[in-house]
Amino acid sequence: MTRIFSGVKPTGHLTLGNYLGAVRQWVAADQAPDDALFCVVDLHALTIEHDPARVRRLSREAATLLLAAGLSPEKCTLFVQSHVDEHTRLAYLLECTATDGELRRMIQYKEKAAAAQAAGAGVRLSLLTYPVLMAADILAYGTDEVPVGEDQHQHVELTRDLAVRFNQRYGHTFAVPEVTLPAVAARVMDLQDPTSKMGKSGDAGAGVVFVLDEPGVVHKKVMRAVTDSGDGGVVYDRVARPGVANLLDVLGACTGADPAVLAEGYGGYGALKRDVADAVVELLRPVRERHAELAADPGAVEEVLRAGAERARGLARPVVDRAYRAIGLLER
């Protein structure tokens, strides 16, 4: 079977964009425990200023939501990144394979570093190197496919480059993974700023719909979504009409319909927004209800994570040990 790996970073509450762009795709995959690995990548949350207690809380919430969304420990391996030492063991070897230039070309690094500097804050070295840790996350498991949103495509391409380079220099060690993207709503945009991604870090943002938002909150956020100026009506055009296109993308992802075809059925923004809000509420309702059940029994979730980490270590250790031997280090 094809082995897939993907992860979610606990820097904020999971959003509708996370669910449509990634999590739902993971759940729909034909899963088997050793061939579908999903990870709460908590180490990546340390690249910015953070509250330790909040990282722990969001890590637990993310794992619980992944289970609530439909990931089953009988069909996949779910674990927390920091519980498997092979990730950091391999990351250093890949840092010795990557170059400073290619890391500084990463778009997310440029954007986040510029924002930090503009705010008068320092830029942590881990912000520059975290794509290498992400590569280690993927390569440690002999991953074939990495289902991610469009914003992570560049990082998976770097992973492929590092795998090929390592293999060429030190002998074949890693599988070279492919990136897979969902067909619709690969990148859900902020409802108040449809030129920006709907991100977890905007915890108080009126344009961000969170998976655990109450139905009334979802309706309020969608009904207040920015559309576009002009009298062109409801038209699907991501460039000229990004606000309307974003709503149509979300509705298309919720219903399985083509966004351009959906546009033909609306004469105004109000009806479109109401339908989007209703569709989102119904899509997220079973996830919210299942999350409440799981959150009431945190011990069961922790047991899933412990078992997942043990299984993940068993899969990753032979690959990482092989990489250590290949690069020239003595065996332990």
# chains A, B, ... in the order shown; residues from 1 in each chain; ligands from 1

call {"tool": "residues_around", "arguments": {"residues": "region 116-124 of chain A", "least_positions_apart": "2", "cutoff": "12 Å", "atoms": "only C-alpha atoms", "output": "list in words"}}
result
His44, Ala45, Leu46, Thr47, Ile48, Glu49, His50, Tyr109, Lys110, Glu111, Lys112, Ala113, Ala114, Ser126, Leu127, Leu128, Thr129 and Tyr130 of chain A

call {"tool": "write_last_selection", "arguments": {"atoms": "all heavy atoms", "output": "CSV table (one decimal), in the first residue's frame"}}
result
chain,number,residue,atom,x,y,z
A,44,HIS,N,7.1,22.0,15.9
A,44,HIS,CA,7.0,23.1,15.0
A,44,HIS,C,6.4,24.4,15.6
A,44,HIS,O,6.5,25.5,15.1
A,44,HIS,CB,6.2,22.7,13.7
A,44,HIS,CG,6.9,21.7,12.9
A,44,HIS,ND1,8.2,22.0,12.3
A,44,HIS,CD2,6.6,20.5,12.5
A,44,HIS,CE1,8.5,20.9,11.6
A,44,HIS,NE2,7.6,20.0,11.7
A,45,ALA,N,5.6,24.1,16.7
A,45,ALA,CA,5.0,25.3,17.4
A,45,ALA,C,5.9,26.1,18.2
A,45,ALA,O,5.6,27.2,18.7
A,45,ALA,CB,3.8,24.7,18.3
A,46,LEU,N,7.2,25.6,18.3
A,46,LEU,CA,8.2,26.3,19.1
A,46,LEU,C,9.0,27.3,18.3
A,46,LEU,O,9.9,28.0,18.9
A,46,LEU,CB,9.1,25.3,19.8
A,46,LEU,CG,8.4,24.1,20.5
A,46,LEU,CD1,9.5,23.3,21.2
A,46,LEU,CD2,7.4,24.6,21.5
A,47,THR,N,8.7,27.5,17.0
A,47,THR,CA,9.5,28.4,16.2
A,47,THR,C,9.1,29.8,16.4
A,47,THR,O,9.8,30.7,15.9
A,47,THR,CB,9.3,28.0,14.7
A,47,THR,OG1,7.9,28.2,14.4
A,47,THR,CG2,9.7,26.6,14.4
A,48,ILE,N,8.1,30.1,17.2
A,48,ILE,CA,7.6,31.4,17.5
A,48,ILE,C,7.4,31.6,19.0
A,48,ILE,O,7.4,30.6,19.7
A,48,ILE,CB,6.3,31.8,16.8
A,48,ILE,CG1,5.2,30.8,17.1
A,48,ILE,CG2,6.5,31.8,15.2
A,48,ILE,CD1,3.9,31.1,16.6
A,49,GLU,N,7.3,32.8,19.5
A,49,GLU,CA,7.0,33.0,20.9
A,49,GLU,C,5.7,32.3,21.2
A,49,GLU,O,4.7,32.4,20.5
A,49,GLU,CB,6.8,34.5,21.1
A,49,GLU,CG,6.7,34.9,22.6
A,49,GLU,CD,8.0,34.6,23.3
A,49,GLU,OE1,9.1,34.7,22.7
A,49,GLU,OE2,8.0,34.3,24.6
A,50,HIS,N,5.7,31.5,22.3
A,50,HIS,CA,4.6,30.7,22.7
A,50,HIS,C,4.4,30.6,24.2
A,50,HIS,O,5.4,30.7,24.9
A,50,HIS,CB,4.7,29.3,22.0
A,50,HIS,CG,5.9,28.6,22.6
A,50,HIS,ND1,7.2,28.8,22.1
A,50,HIS,CD2,6.0,27.6,23.6
A,50,HIS,CE1,8.0,28.0,22.8
A,50,HIS,NE2,7.3,27.3,23.7
A,109,TYR,N,9.1,31.4,5.4
A,109,TYR,CA,10.1,32.0,6.2
A,109,TYR,C,10.2,33.5,5.9
A,109,TYR,O,10.3,34.3,6.8
A,109,TYR,CB,11.5,31.3,5.9
A,109,TYR,CG,12.6,32.1,6.6
A,109,TYR,CD1,12.8,32.0,8.0
A,109,TYR,CD2,13.5,32.9,5.9
A,109,TYR,CE1,13.8,32.7,8.6
A,109,TYR,CE2,14.5,33.6,6.5
A,109,TYR,CZ,14.7,33.5,7.8
A,109,TYR,OH,15.7,34.2,8.5
A,110,LYS,N,10.2,33.8,4.6
A,110,LYS,CA,10.3,35.2,4.3
A,110,LYS,C,9.2,36.0,4.9
A,110,LYS,O,9.4,37.1,5.4
A,110,LYS,CB,10.3,35.4,2.7
A,110,LYS,CG,11.5,34.9,2.0
A,110,LYS,CD,11.4,35.1,0.5
A,110,LYS,CE,12.6,34.6,-0.2
A,110,LYS,NZ,12.5,34.8,-1.7
A,111,GLU,N,8.0,35.5,4.8
A,111,GLU,CA,6.8,36.3,5.3
A,111,GLU,C,6.8,36.4,6.8
A,111,GLU,O,6.6,37.5,7.3
A,111,GLU,CB,5.5,35.6,4.8
A,111,GLU,CG,5.3,35.6,3.3
A,111,GLU,CD,4.1,34.8,2.9
A,111,GLU,OE1,3.5,34.0,3.7
A,111,GLU,OE2,3.6,35.0,1.7
A,112,LYS,N,7.1,35.3,7.5
A,112,LYS,CA,7.1,35.3,8.9
A,112,LYS,C,8.2,36.0,9.5
A,112,LYS,O,8.1,36.7,10.5
A,112,LYS,CB,7.0,33.9,9.5
A,112,LYS,CG,5.7,33.1,9.2
A,112,LYS,CD,5.7,31.7,9.7
A,112,LYS,CE,4.4,31.0,9.4
A,112,LYS,NZ,4.3,29.7,9.9
A,113,ALA,N,9.4,35.9,8.9
A,113,ALA,CA,10.6,36.7,9.4
A,113,ALA,C,10.3,38.2,9.2
A,113,ALA,O,10.7,39.0,10.1
A,113,ALA,CB,11.8,36.2,8.6
A,114,ALA,N,9.8,38.6,8.1
A,114,ALA,CA,9.5,40.0,7.8
A,114,ALA,C,8.5,40.5,8.8
A,114,ALA,O,8.6,41.7,9.3
A,114,ALA,CB,9.0,40.2,6.4
A,126,SER,N,15.1,28.4,14.5
A,126,SER,CA,14.2,27.3,14.2
A,126,SER,C,13.1,27.6,13.2
A,126,SER,O,12.7,26.8,12.5
A,126,SER,CB,13.5,26.8,15.5
A,126,SER,OG,12.8,27.8,16.1
A,127,LEU,N,12.8,28.9,13.0
A,127,LEU,CA,11.9,29.3,12.0
A,127,LEU,C,12.5,29.1,10.6
A,127,LEU,O,11.8,28.7,9.6
A,127,LEU,CB,11.5,30.8,12.1
A,127,LEU,CG,10.5,31.4,11.2
A,127,LEU,CD1,9.1,30.6,11.3
A,127,LEU,CD2,10.3,32.9,11.3
A,128,LEU,N,13.8,29.3,10.5
A,128,LEU,CA,14.5,29.1,9.3
A,128,LEU,C,14.7,27.6,9.0
A,128,LEU,O,14.5,27.1,7.8
A,128,LEU,CB,15.9,29.7,9.3
A,128,LEU,CG,16.8,29.5,8.1
A,128,LEU,CD1,16.3,30.1,6.9
A,128,LEU,CD2,18.2,30.0,8.4
A,129,THR,N,15.0,26.8,10.0
A,129,THR,CA,15.3,25.4,9.8
A,129,THR,C,14.1,24.5,9.9
A,129,THR,O,14.2,23.3,9.6
A,129,THR,CB,16.4,24.9,10.8
A,129,THR,OG1,15.9,25.1,12.2
A,129,THR,CG2,17.6,25.8,10.7
A,130,TYR,N,12.9,25.0,10.3
A,130,TYR,CA,11.8,24.0,10.5
A,130,TYR,C,11.4,23.3,9.3
A,130,TYR,O,10.9,22.1,9.4
A,130,TYR,CB,10.6,24.7,11.2
A,130,TYR,CG,9.5,25.1,10.3
A,130,TYR,CD1,8.5,24.2,10.0
A,130,TYR,CD2,9.3,26.4,9.8
A,130,TYR,CE1,7.4,24.5,9.3
A,130,TYR,CE2,8.2,26.7,9.1
A,130,TYR,CZ,7.3,25.8,8.8
A,130,TYR,OH,6.2,26.1,8.0

call {"tool": "residues_around", "arguments": {"residues": "Leu133 (chain A)", "least_positions_apart": "4", "cutoff": "9 Å", "atoms": "only C-alpha atoms", "output": "PDB file with N, CA, C and O atoms, in the first residue's frame"}}
result
ATOM      1  N   LEU A  43       6.640  20.221  17.916  1.00  0.00           N
ATOM      2  CA  LEU A  43       7.945  20.880  17.869  1.00  0.00           C
ATOM      3  C   LEU A  43       7.921  22.085  16.931  1.00  0.00           C
ATOM      4  O   LEU A  43       8.627  23.069  17.157  1.00  0.00           O
ATOM      5  N   HIS A  44       7.095  22.013  15.901  1.00  0.00           N
ATOM      6  CA  HIS A  44       7.006  23.142  14.972  1.00  0.00           C
ATOM      7  C   HIS A  44       6.351  24.362  15.618  1.00  0.00           C
ATOM      8  O   HIS A  44       6.517  25.481  15.135  1.00  0.00           O
ATOM      9  N   HIS A  87      12.521  11.900  14.887  1.00  0.00           N
ATOM     10  CA  HIS A  87      12.316  13.127  14.114  1.00  0.00           C
ATOM     11  C   HIS A  87      13.498  14.085  14.287  1.00  0.00           C
ATOM     12  O   HIS A  87      14.043  14.604  13.303  1.00  0.00           O
ATOM     13  N   THR A  88      13.897  14.316  15.525  1.00  0.00           N
ATOM     14  CA  THR A  88      15.000  15.243  15.755  1.00  0.00           C
ATOM     15  C   THR A  88      16.350  14.603  15.428  1.00  0.00           C
ATOM     16  O   THR A  88      17.289  15.298  15.020  1.00  0.00           O
ATOM     17  N   LEU A  90      16.931  12.636  12.895  1.00  0.00           N
ATOM     18  CA  LEU A  90      17.101  12.743  11.452  1.00  0.00           C
ATOM     19  C   LEU A  90      17.210  14.194  10.999  1.00  0.00           C
ATOM     20  O   LEU A  90      17.908  14.492  10.023  1.00  0.00           O
ATOM     21  N   ALA A  91      16.571  15.110  11.720  1.00  0.00           N
ATOM     22  CA  ALA A  91      16.584  16.514  11.301  1.00  0.00           C
ATOM     23  C   ALA A  91      18.011  17.049  11.197  1.00  0.00           C
ATOM     24  O   ALA A  91      18.335  17.795  10.265  1.00  0.00           O
ATOM     25  N   TYR A  92      18.892  16.657  12.132  1.00  0.00           N
ATOM     26  CA  TYR A  92      20.258  17.192  12.064  1.00  0.00           C
ATOM     27  C   TYR A  92      20.983  16.670  10.831  1.00  0.00           C
ATOM     28  O   TYR A  92      21.732  17.411  10.180  1.00  0.00           O
ATOM     29  N   LEU A  94      19.681  16.006   8.028  1.00  0.00           N
ATOM     30  CA  LEU A  94      19.159  16.732   6.876  1.00  0.00           C
ATOM     31  C   LEU A  94      19.608  18.191   6.887  1.00  0.00           C
ATOM     32  O   LEU A  94      19.740  18.809   5.825  1.00  0.00           O
ATOM     33  N   GLU A  95      19.845  18.764   8.070  1.00  0.00           N
ATOM     34  CA  GLU A  95      20.447  20.101   8.130  1.00  0.00           C
ATOM     35  C   GLU A  95      21.839  20.079   7.511  1.00  0.00           C
ATOM     36  O   GLU A  95      22.293  21.076   6.926  1.00  0.00           O
ATOM     37  N   THR A 129      14.953  26.805  10.016  1.00  0.00           N
ATOM     38  CA  THR A 129      15.288  25.392   9.802  1.00  0.00           C
ATOM     39  C   THR A 129      14.092  24.452   9.906  1.00  0.00           C
ATOM     40  O   THR A 129      14.233  23.264   9.625  1.00  0.00           O
ATOM     41  N   ASP A 137      10.302  14.628   9.417  1.00  0.00           N
ATOM     42  CA  ASP A 137       9.016  14.034   9.760  1.00  0.00           C
ATOM     43  C   ASP A 137       8.556  13.076   8.655  1.00  0.00           C
ATOM     44  O   ASP A 137       8.050  11.985   8.915  1.00  0.00           O
ATOM     45  N   ILE A 138       8.724  13.522   7.434  1.00  0.00           N
ATOM     46  CA  ILE A 138       8.218  12.770   6.275  1.00  0.00           C
ATOM     47  C   ILE A 138       9.132  11.606   5.916  1.00  0.00           C
ATOM     48  O   ILE A 138       8.690  10.469   5.735  1.00  0.00           O
TER      49      ILE A 138
END

call {"tool": "residues_around", "arguments": {"residues": "region 192-196 of chain A", "least_positions_apart": "5", "cutoff": "8 Å", "atoms": "only C-alpha atoms", "output": "list in words"}}
result
Ala206, Gly207, Arg224, Ala225, Val226, Pro242, Gly243 and Asn246 of chain A

call {"tool": "write_last_selection", "arguments": {"atoms": "all heavy atoms", "output": "short mmCIF file (atom, residue, chain, number, x, y, z; two decimals), in the first residue's frame"}}
result
data_model
loop_
_atom_site.label_atom_id
_atom_site.label_comp_id
_atom_site.auth_asym_id
_atom_site.auth_seq_id
_atom_site.Cartn_x
_atom_site.Cartn_y
_atom_site.Cartn_z
N ALA A 206 -12.50 37.64 12.94
CA ALA A 206 -13.88 37.46 12.50
C ALA A 206 -13.95 36.70 11.19
O ALA A 206 -15.01 36.19 10.82
CB ALA A 206 -14.55 38.83 12.34
N GLY A 207 -12.83 36.59 10.49
CA GLY A 207 -12.82 35.90 9.21
C GLY A 207 -12.40 34.45 9.30
O GLY A 207 -12.27 33.79 8.26
N ARG A 224 -21.12 37.88 7.63
CA ARG A 224 -20.33 39.11 7.61
C ARG A 224 -19.12 39.01 6.67
O ARG A 224 -18.29 39.91 6.63
CB ARG A 224 -19.84 39.44 9.03
CG ARG A 224 -20.97 39.84 9.97
CD ARG A 224 -20.45 40.14 11.37
NE ARG A 224 -21.50 40.57 12.26
CZ ARG A 224 -21.34 40.84 13.56
NH1 ARG A 224 -20.12 40.71 14.10
NH2 ARG A 224 -22.36 41.24 14.31
N ALA A 225 -19.03 37.92 5.94
CA ALA A 225 -17.89 37.73 5.04
C ALA A 225 -17.82 38.83 4.00
O ALA A 225 -18.84 39.30 3.49
CB ALA A 225 -17.99 36.37 4.35
N VAL A 226 -16.61 39.25 3.70
CA VAL A 226 -16.38 40.25 2.67
C VAL A 226 -16.68 39.64 1.31
O VAL A 226 -16.24 38.54 1.00
CB VAL A 226 -14.92 40.75 2.72
CG1 VAL A 226 -14.59 41.58 1.49
CG2 VAL A 226 -14.67 41.52 4.00
N PRO A 242 -12.34 37.63 -5.48
CA PRO A 242 -11.82 36.63 -4.53
C PRO A 242 -12.76 36.33 -3.37
O PRO A 242 -12.80 35.20 -2.87
CB PRO A 242 -10.51 37.25 -4.04
CG PRO A 242 -10.68 38.73 -4.27
CD PRO A 242 -11.50 38.84 -5.52
N GLY A 243 -13.52 37.32 -2.90
CA GLY A 243 -14.42 37.08 -1.77
C GLY A 243 -15.53 36.12 -2.13
O GLY A 243 -15.81 35.16 -1.40
N ASN A 246 -14.18 32.60 -2.80
CA ASN A 246 -13.87 31.87 -1.57
C ASN A 246 -15.13 31.22 -1.00
O ASN A 246 -15.12 30.05 -0.60
CB ASN A 246 -13.24 32.83 -0.55
CG ASN A 246 -12.73 32.11 0.68
OD1 ASN A 246 -12.17 31.02 0.60
ND2 ASN A 246 -12.93 32.71 1.85
#

call {"tool": "residues_around", "arguments": {"residues": "region 17-29 of chain A", "least_positions_apart": "5", "cutoff": "10 Å", "atoms": "only C-alpha atoms", "output": "compact mmCIF listing (two decimals) with C-alpha atoms, in the first residue's frame"}}
result
# COMPACT_ATOMS: atom_id res chain seq x y z
CA ILE A 4 1.06 8.66 3.58
CA PHE A 5 2.19 11.06 6.29
CA SER A 6 0.88 14.46 7.29
CA GLY A 7 0.65 16.60 10.39
CA VAL A 8 -1.04 19.54 12.04
CA ALA A 36 -1.28 6.14 7.17
CA LEU A 37 0.55 8.25 9.75
CA PHE A 38 -0.83 11.48 11.14
CA LEU A 65 -10.29 16.67 16.90
CA LEU A 66 -8.43 14.38 14.50
CA LEU A 67 -10.07 11.41 16.18
CA ALA A 69 -13.09 13.89 12.47
CA GLY A 70 -12.84 10.19 11.78
CA LEU A 71 -9.22 9.10 12.05
CA SER A 72 -9.32 5.66 13.62
CA LYS A 75 -6.84 2.26 10.50
CA CYS A 76 -3.97 4.72 10.99
CA VAL A 146 2.11 13.78 1.64
CA PRO A 147 -1.45 15.20 1.56
CA VAL A 148 -1.14 18.91 2.38
CA GLY A 149 -2.62 22.29 1.53
CA GLU A 150 -1.09 24.49 -1.16
CA THR A 180 -1.16 15.35 -3.08
CA LEU A 181 -3.66 18.24 -3.00
CA PRO A 182 -7.46 18.17 -2.63
CA ALA A 183 -9.34 19.14 -5.79
CA VAL A 184 -11.51 21.81 -4.16
CA ALA A 185 -10.78 24.30 -1.36
CA ALA A 186 -7.13 23.33 -1.08
CA ARG A 187 -6.65 26.76 0.44
CA VAL A 188 -9.63 28.32 2.21
CA MET A 189 -9.19 32.05 2.58
CA ASP A 190 -10.01 34.39 5.46
CA LYS A 197 -5.23 32.11 4.10
CA MET A 198 -7.64 31.22 6.89
CA GLY A 199 -4.97 30.62 9.53
CA LYS A 200 -5.07 29.10 13.02
CA VAL A 208 -11.71 32.57 10.69
CA VAL A 209 -14.21 29.75 11.23
CA PHE A 210 -12.98 27.26 13.80
CA VAL A 211 -14.07 23.63 13.78
CA VAL A 250 -16.24 26.51 0.61
CA ALA A 253 -16.10 21.61 -0.77
CA CYS A 254 -19.02 21.08 1.61
CA LEU A 283 -20.48 19.63 7.88
CA LEU A 284 -18.90 20.37 11.26

call {"tool": "residues_around", "arguments": {"residues": "Phe166 (chain A)", "least_positions_apart": "6", "cutoff": "9 Å", "atoms": "only C-alpha atoms", "output": "list in words"}}
result
Leu94, Thr97, His172, Thr173, Phe174, Ala323 and Ile327 of chain A

call {"tool": "residues_around", "arguments": {"residues": "Val84 (chain A)", "least_positions_apart": "3", "cutoff": "8 Å", "atoms": "only C-alpha atoms", "output": "ChimeraX atom specification"}}
result
/A:80-81,87,309-310,312-313

call {"tool": "write_last_selection", "arguments": {"atoms": "N, CA, C and O atoms", "output": "compact mmCIF listing (two decimals), in the first residue's frame"}}
result
# COMPACT_ATOMS: atom_id res chain seq x y z
N VAL A 80 2.10 12.12 18.59
CA VAL A 80 2.64 13.46 18.79
C VAL A 80 4.12 13.44 18.42
O VAL A 80 4.87 12.56 18.86
N GLN A 81 4.53 14.40 17.64
CA GLN A 81 5.89 14.45 17.09
C GLN A 81 6.97 14.33 18.16
O GLN A 81 7.92 13.55 18.02
N HIS A 87 12.52 11.90 14.89
CA HIS A 87 12.32 13.13 14.11
C HIS A 87 13.50 14.09 14.29
O HIS A 87 14.04 14.60 13.30
N ALA A 309 2.65 6.49 19.17
CA ALA A 309 4.07 6.82 19.24
C ALA A 309 4.93 5.57 19.23
O ALA A 309 5.99 5.53 18.58
N GLU A 310 4.50 4.55 19.93
CA GLU A 310 5.26 3.30 19.95
C GLU A 310 5.33 2.68 18.55
O GLU A 310 6.39 2.23 18.10
N ALA A 312 4.96 4.31 15.72
CA ALA A 312 5.74 5.21 14.86
C ALA A 312 7.24 5.01 15.08
O ALA A 312 8.01 5.00 14.12
N ARG A 313 7.65 4.85 16.33
CA ARG A 313 9.07 4.61 16.60
C ARG A 313 9.55 3.34 15.91
O ARG A 313 10.65 3.29 15.36

call {"tool": "closest_residue", "arguments": {"among": "A:Arg274, A:Arg89, A:Arg241, A:Arg160", "to": "Lys220 (chain A)", "atoms": "only C-alpha atoms"}}
result
A:Arg274

call {"tool": "atom_distance", "arguments": {"atom1": "CA of Thr77 (chain A)", "atom2": "CA of Thr15 (chain A)"}}
result
22.1 Å

call {"tool": "atom_distance", "arguments": {"atom1": "CA of His155 (chain A)", "atom2": "CA of Met106 (chain A)"}}
result
7.5 Å

call {"tool": "select_by_dssp", "arguments": {"residues": "region 63-246 of chain A", "states": "strand (DSSP E)", "output": "list in words"}}
result
Thr77, Leu78, Phe79, Val80, Glu145, Val146, Pro147, Glu178, Val179 and Thr180 of chain A

call {"tool": "write_last_selection", "arguments": {"atoms": "all heavy atoms", "output": "compact mmCIF listing (two decimals), in the first residue's frame"}}
result
# COMPACT_ATOMS: atom_id res chain seq x y z
N THR A 77 -2.01 5.48 12.19
CA THR A 77 -1.18 5.75 13.35
C THR A 77 -1.25 7.24 13.66
O THR A 77 -0.87 8.07 12.83
CB THR A 77 0.28 5.34 13.09
OG1 THR A 77 0.35 3.93 12.88
CG2 THR A 77 1.18 5.70 14.27
N LEU A 78 -1.76 7.58 14.82
CA LEU A 78 -1.88 8.97 15.26
C LEU A 78 -0.96 9.16 16.46
O LEU A 78 -1.05 8.40 17.43
CB LEU A 78 -3.32 9.29 15.63
CG LEU A 78 -3.59 10.68 16.20
CD1 LEU A 78 -3.26 11.77 15.18
CD2 LEU A 78 -5.04 10.81 16.67
N PHE A 79 -0.10 10.16 16.41
CA PHE A 79 0.87 10.36 17.50
C PHE A 79 1.30 11.81 17.56
O PHE A 79 0.93 12.64 16.73
CB PHE A 79 2.07 9.44 17.31
CG PHE A 79 2.90 9.73 16.08
CD1 PHE A 79 4.11 10.40 16.16
CD2 PHE A 79 2.46 9.31 14.82
CE1 PHE A 79 4.87 10.65 15.04
CE2 PHE A 79 3.22 9.56 13.68
CZ PHE A 79 4.43 10.23 13.79
N VAL A 80 2.10 12.12 18.59
CA VAL A 80 2.64 13.46 18.79
C VAL A 80 4.12 13.44 18.42
O VAL A 80 4.87 12.56 18.86
CB VAL A 80 2.44 13.92 20.25
CG1 VAL A 80 3.09 15.28 20.48
CG2 VAL A 80 0.94 14.00 20.58
N GLU A 145 3.36 9.47 -0.11
CA GLU A 145 2.52 10.62 -0.44
C GLU A 145 2.34 11.49 0.79
O GLU A 145 2.19 10.99 1.92
CB GLU A 145 1.15 10.16 -0.94
CG GLU A 145 1.20 9.46 -2.30
CD GLU A 145 -0.20 9.11 -2.80
OE1 GLU A 145 -1.19 9.43 -2.11
OE2 GLU A 145 -0.29 8.50 -3.88
N VAL A 146 2.31 12.82 0.57
CA VAL A 146 2.11 13.78 1.64
C VAL A 146 0.91 14.64 1.28
O VAL A 146 1.01 15.56 0.46
CB VAL A 146 3.35 14.68 1.84
CG1 VAL A 146 3.18 15.54 3.09
CG2 VAL A 146 4.61 13.84 1.95
N PRO A 147 -0.28 14.37 1.86
CA PRO A 147 -1.45 15.20 1.56
C PRO A 147 -1.42 16.49 2.38
O PRO A 147 -1.52 16.47 3.61
CB PRO A 147 -2.62 14.29 1.98
CG PRO A 147 -2.05 13.39 3.03
CD PRO A 147 -0.59 13.22 2.71
N GLU A 178 5.68 12.09 -2.90
CA GLU A 178 4.90 12.95 -3.78
C GLU A 178 3.93 13.76 -2.93
O GLU A 178 3.48 13.30 -1.87
CB GLU A 178 4.10 12.11 -4.79
CG GLU A 178 4.96 11.26 -5.72
CD GLU A 178 5.69 12.08 -6.77
OE1 GLU A 178 5.29 13.25 -6.99
OE2 GLU A 178 6.66 11.57 -7.35
N VAL A 179 3.59 14.96 -3.39
CA VAL A 179 2.59 15.78 -2.70
C VAL A 179 1.24 15.56 -3.35
O VAL A 179 1.15 15.43 -4.58
CB VAL A 179 2.98 17.27 -2.72
CG1 VAL A 179 3.03 17.81 -4.13
CG2 VAL A 179 2.03 18.09 -1.86
N THR A 180 0.19 15.47 -2.55
CA THR A 180 -1.16 15.35 -3.08
C THR A 180 -2.00 16.50 -2.51
O THR A 180 -1.91 16.83 -1.33
CB THR A 180 -1.81 14.01 -2.71
OG1 THR A 180 -1.82 13.86 -1.28
CG2 THR A 180 -1.03 12.86 -3.31

call {"tool": "decode", "arguments": {"residues": "region 283-287 of chain A", "atoms": "all heavy atoms", "output": "mmCIF file, in the first residue's frame"}}
result
data_model
loop_
_atom_site.group_PDB
_atom_site.id
_atom_site.type_symbol
_atom_site.label_atom_id
_atom_site.label_comp_id
_atom_site.auth_asym_id
_atom_site.auth_seq_id
_atom_site.Cartn_x
_atom_site.Cartn_y
_atom_site.Cartn_z
ATOM 1 N N LEU A 283 -21.720 20.374 8.101
ATOM 2 C CA LEU A 283 -20.483 19.629 7.880
ATOM 3 C C LEU A 283 -19.733 19.400 9.183
ATOM 4 O O LEU A 283 -19.201 18.313 9.435
ATOM 5 C CB LEU A 283 -19.587 20.390 6.897
ATOM 6 C CG LEU A 283 -18.246 19.737 6.558
ATOM 7 C CD1 LEU A 283 -18.458 18.574 5.591
ATOM 8 C CD2 LEU A 283 -17.289 20.767 5.954
ATOM 9 N N LEU A 284 -19.689 20.429 10.032
ATOM 10 C CA LEU A 284 -18.896 20.366 11.258
ATOM 11 C C LEU A 284 -19.665 19.786 12.440
ATOM 12 O O LEU A 284 -19.050 19.423 13.452
ATOM 13 C CB LEU A 284 -18.378 21.764 11.621
ATOM 14 C CG LEU A 284 -17.438 22.421 10.605
ATOM 15 C CD1 LEU A 284 -17.007 23.789 11.115
ATOM 16 C CD2 LEU A 284 -16.224 21.543 10.326
ATOM 17 N N ARG A 285 -20.991 19.689 12.350
ATOM 18 C CA ARG A 285 -21.790 19.252 13.493
ATOM 19 C C ARG A 285 -21.330 17.902 14.056
ATOM 20 O O ARG A 285 -21.096 17.782 15.271
ATOM 21 C CB ARG A 285 -23.271 19.200 13.117
ATOM 22 C CG ARG A 285 -24.170 18.883 14.309
ATOM 23 C CD ARG A 285 -25.622 18.716 13.888
ATOM 24 N NE ARG A 285 -26.117 19.863 13.150
ATOM 25 C CZ ARG A 285 -26.535 20.994 13.703
ATOM 26 N NH1 ARG A 285 -26.502 21.132 15.020
ATOM 27 N NH2 ARG A 285 -26.981 21.980 12.957
ATOM 28 N N PRO A 286 -21.190 16.853 13.247
ATOM 29 C CA PRO A 286 -20.774 15.563 13.831
ATOM 30 C C PRO A 286 -19.375 15.593 14.430
ATOM 31 O O PRO A 286 -19.095 14.874 15.389
ATOM 32 C CB PRO A 286 -20.859 14.594 12.647
ATOM 33 C CG PRO A 286 -20.823 15.453 11.433
ATOM 34 C CD PRO A 286 -21.481 16.732 11.814
ATOM 35 N N VAL A 287 -18.498 16.426 13.886
ATOM 36 C CA VAL A 287 -17.146 16.532 14.437
ATOM 37 C C VAL A 287 -17.192 17.168 15.816
ATOM 38 O O VAL A 287 -16.545 16.701 16.767
ATOM 39 C CB VAL A 287 -16.237 17.345 13.493
ATOM 40 C CG1 VAL A 287 -14.824 17.430 14.063
ATOM 41 C CG2 VAL A 287 -16.213 16.724 12.103
#
